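Visitor: Sharing a structure with you now.
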Amino acid sequence: MCLTTPGQIVRIDAASPEVRTAEVDFGVATRTVNLAFTPEARLGDFVVVHSGFATRTLAEAEAREALALLHEMAAPGGSR
């Protein structure tokens, strides 16, 4: 089973325009993510990440709701 995870772009690496990457904060970790599929993504945006690639941008409210659900499921005795 695959899981996509929302995170917030905290830094964009502009060193290589051919391979645009960003540091994305997932709340518990920060990872480097490829932005090839989301050329519209900007600093501060929330993106959905799958296998190291941002697959789409999403609204902050939608991202926060998804993160809350993930945290609820991960908690001991999570109800979902």
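Chain labels run A, B, ... following the order of the structure tokens; each chain numbers its residues from 1, and ligands are numbered from 1 in the order shown.
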May I have the residues within 7 Å of Gln8 in chain A as a short mmCIF file (atom, residue, chain, number, x, y, z; two decimals) with N, CA and C atoms, in the first residue's frame, using only C-alpha atoms and disregarding those fewer than 2 positions away in the same chain?
Guide:
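Produced file around.cif, reproduced below:
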```
data_model
loop_
_atom_site.label_atom_id
_atom_site.label_comp_id
_atom_site.auth_asym_id
_atom_site.auth_seq_id
_atom_site.Cartn_x
_atom_site.Cartn_y
_atom_site.Cartn_z
N VAL A 10 9.52 24.55 2.71
CA VAL A 10 10.22 25.52 3.56
C VAL A 10 11.46 26.11 2.88
N VAL A 24 10.83 19.94 2.21
CA VAL A 24 9.42 19.91 2.62
C VAL A 24 9.35 19.43 4.05
N ASP A 25 8.63 20.19 4.87
CA ASP A 25 8.45 19.88 6.29
C ASP A 25 7.17 19.08 6.47
N PHE A 26 7.31 17.88 7.04
CA PHE A 26 6.17 17.01 7.28
C PHE A 26 5.73 17.03 8.75
N GLY A 44 6.31 28.04 0.95
CA GLY A 44 5.17 28.16 1.84
C GLY A 44 3.97 27.34 1.41
N ASP A 45 3.94 26.88 0.16
CA ASP A 45 2.83 26.05 -0.31
C ASP A 45 2.86 24.68 0.35
N PHE A 46 1.69 24.08 0.41
CA PHE A 46 1.57 22.69 0.85
C PHE A 46 1.50 21.82 -0.39
N VAL A 47 2.19 20.69 -0.35
CA VAL A 47 2.20 19.75 -1.47
C VAL A 47 1.93 18.35 -0.95
#
```
Visitor: Might you pull out every residue within 12 Å of Ile9 in chain A, with only C-alpha atoms counted and same-chain residues fewer than 6 positions away left off, and present them as a list in words?
Guide: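 Listed by chain and then number, they are Thr21, Ala22, Glu23, Val24, Asp25, Phe26, Gly27, Thr30, Arg31, Thr32, Val33, Asn34, Leu35, Thr38, Ala41, Arg42, Leu43, Gly44, Asp45, Phe46, Val47, Val48, Val49, Ala54, Thr57, Leu58 and Glu60 of chain A.
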Visitor: Within chain A, find each residue whose DSSP state, derived from the backbone, is strand (DSSP E or B), and express the selection as number ranges by chain.
Guide: A: 5-13, 21-25, 30-34, 46-50, 53-58
Visitor: Could the residues in this selection be saved with N, CA and C atoms as a tab-separated table (two decimals), in the first residue's frame?
Guide:
```tsv
chain	number	residue	atom	x	y	z
A	5	THR	N	1.67	11.91	1.41
A	5	THR	CA	1.76	12.68	2.64
A	5	THR	C	1.84	14.16	2.32
A	6	PRO	N	1.04	14.99	3.00
A	6	PRO	CA	1.14	16.43	2.78
A	6	PRO	C	2.27	17.03	3.62
A	7	GLY	N	2.91	18.04	3.06
A	7	GLY	CA	3.95	18.76	3.77
A	7	GLY	C	4.04	20.17	3.22
A	8	GLN	N	4.78	21.02	3.93
A	8	GLN	CA	4.92	22.42	3.54
A	8	GLN	C	6.33	22.70	3.03
A	9	ILE	N	6.41	23.39	1.91
A	9	ILE	CA	7.69	23.76	1.33
A	9	ILE	C	8.33	24.84	2.19
A	10	VAL	N	9.52	24.55	2.71
A	10	VAL	CA	10.22	25.52	3.56
A	10	VAL	C	11.46	26.11	2.88
A	11	ARG	N	11.90	25.48	1.78
A	11	ARG	CA	13.03	26.01	1.02
A	11	ARG	C	12.99	25.40	-0.37
A	12	ILE	N	13.26	26.24	-1.38
A	12	ILE	CA	13.35	25.74	-2.75
A	12	ILE	C	14.79	25.90	-3.21
A	13	ASP	N	15.33	24.83	-3.78
A	13	ASP	CA	16.70	24.84	-4.29
A	13	ASP	C	16.67	25.31	-5.74
A	21	THR	N	14.08	21.12	-6.85
A	21	THR	CA	13.77	20.39	-5.63
A	21	THR	C	13.46	21.38	-4.51
A	22	ALA	N	12.89	20.85	-3.44
A	22	ALA	CA	12.55	21.67	-2.29
A	22	ALA	C	12.71	20.86	-1.02
A	23	GLU	N	12.94	21.56	0.07
A	23	GLU	CA	12.87	20.94	1.39
A	23	GLU	C	11.42	21.06	1.84
A	24	VAL	N	10.83	19.94	2.21
A	24	VAL	CA	9.42	19.91	2.62
A	24	VAL	C	9.35	19.43	4.05
A	25	ASP	N	8.63	20.19	4.87
A	25	ASP	CA	8.45	19.88	6.29
A	25	ASP	C	7.17	19.08	6.47
A	30	THR	N	11.94	16.64	7.82
A	30	THR	CA	12.07	17.46	6.63
A	30	THR	C	12.83	16.65	5.60
A	31	ARG	N	12.31	16.62	4.38
A	31	ARG	CA	12.91	15.82	3.32
A	31	ARG	C	13.05	16.64	2.04
A	32	THR	N	14.00	16.23	1.20
A	32	THR	CA	14.15	16.83	-0.12
A	32	THR	C	13.17	16.15	-1.06
A	33	VAL	N	12.43	16.97	-1.80
A	33	VAL	CA	11.37	16.48	-2.67
A	33	VAL	C	11.55	17.07	-4.07
A	34	ASN	N	11.30	16.27	-5.08
A	34	ASN	CA	11.39	16.72	-6.47
A	34	ASN	C	10.08	17.44	-6.83
A	46	PHE	N	1.69	24.08	0.41
A	46	PHE	CA	1.57	22.69	0.85
A	46	PHE	C	1.50	21.82	-0.39
A	47	VAL	N	2.19	20.69	-0.35
A	47	VAL	CA	2.20	19.75	-1.47
A	47	VAL	C	1.93	18.35	-0.95
A	48	VAL	N	1.38	17.52	-1.82
A	48	VAL	CA	1.21	16.10	-1.52
A	48	VAL	C	2.41	15.38	-2.12
A	49	VAL	N	3.07	14.54	-1.32
A	49	VAL	CA	4.30	13.89	-1.75
A	49	VAL	C	4.10	12.37	-1.79
A	50	HIS	N	4.58	11.80	-2.88
A	50	HIS	CA	4.57	10.34	-3.04
A	50	HIS	C	5.90	9.92	-3.66
A	53	PHE	N	8.33	12.67	-4.82
A	53	PHE	CA	7.86	13.66	-5.78
A	53	PHE	C	6.61	14.36	-5.24
A	54	ALA	N	6.59	15.68	-5.35
A	54	ALA	CA	5.37	16.43	-5.04
A	54	ALA	C	4.43	16.20	-6.22
A	55	THR	N	3.24	15.66	-5.95
A	55	THR	CA	2.33	15.32	-7.04
A	55	THR	C	1.27	16.38	-7.28
A	56	ARG	N	1.00	17.22	-6.27
A	56	ARG	CA	0.08	18.34	-6.45
A	56	ARG	C	0.19	19.28	-5.28
A	57	THR	N	-0.23	20.51	-5.49
A	57	THR	CA	-0.32	21.47	-4.38
A	57	THR	C	-1.72	21.36	-3.79
A	58	LEU	N	-1.88	21.80	-2.56
A	58	LEU	CA	-3.20	21.78	-1.94
A	58	LEU	C	-3.33	22.95	-0.98
```
Visitor: Tell me which of A:Glu18, A:Thr4, A:Ser51, A:Pro39 sits closest to Ala66 in chain A, counting only C-alpha atoms.
Guide: A:Thr4
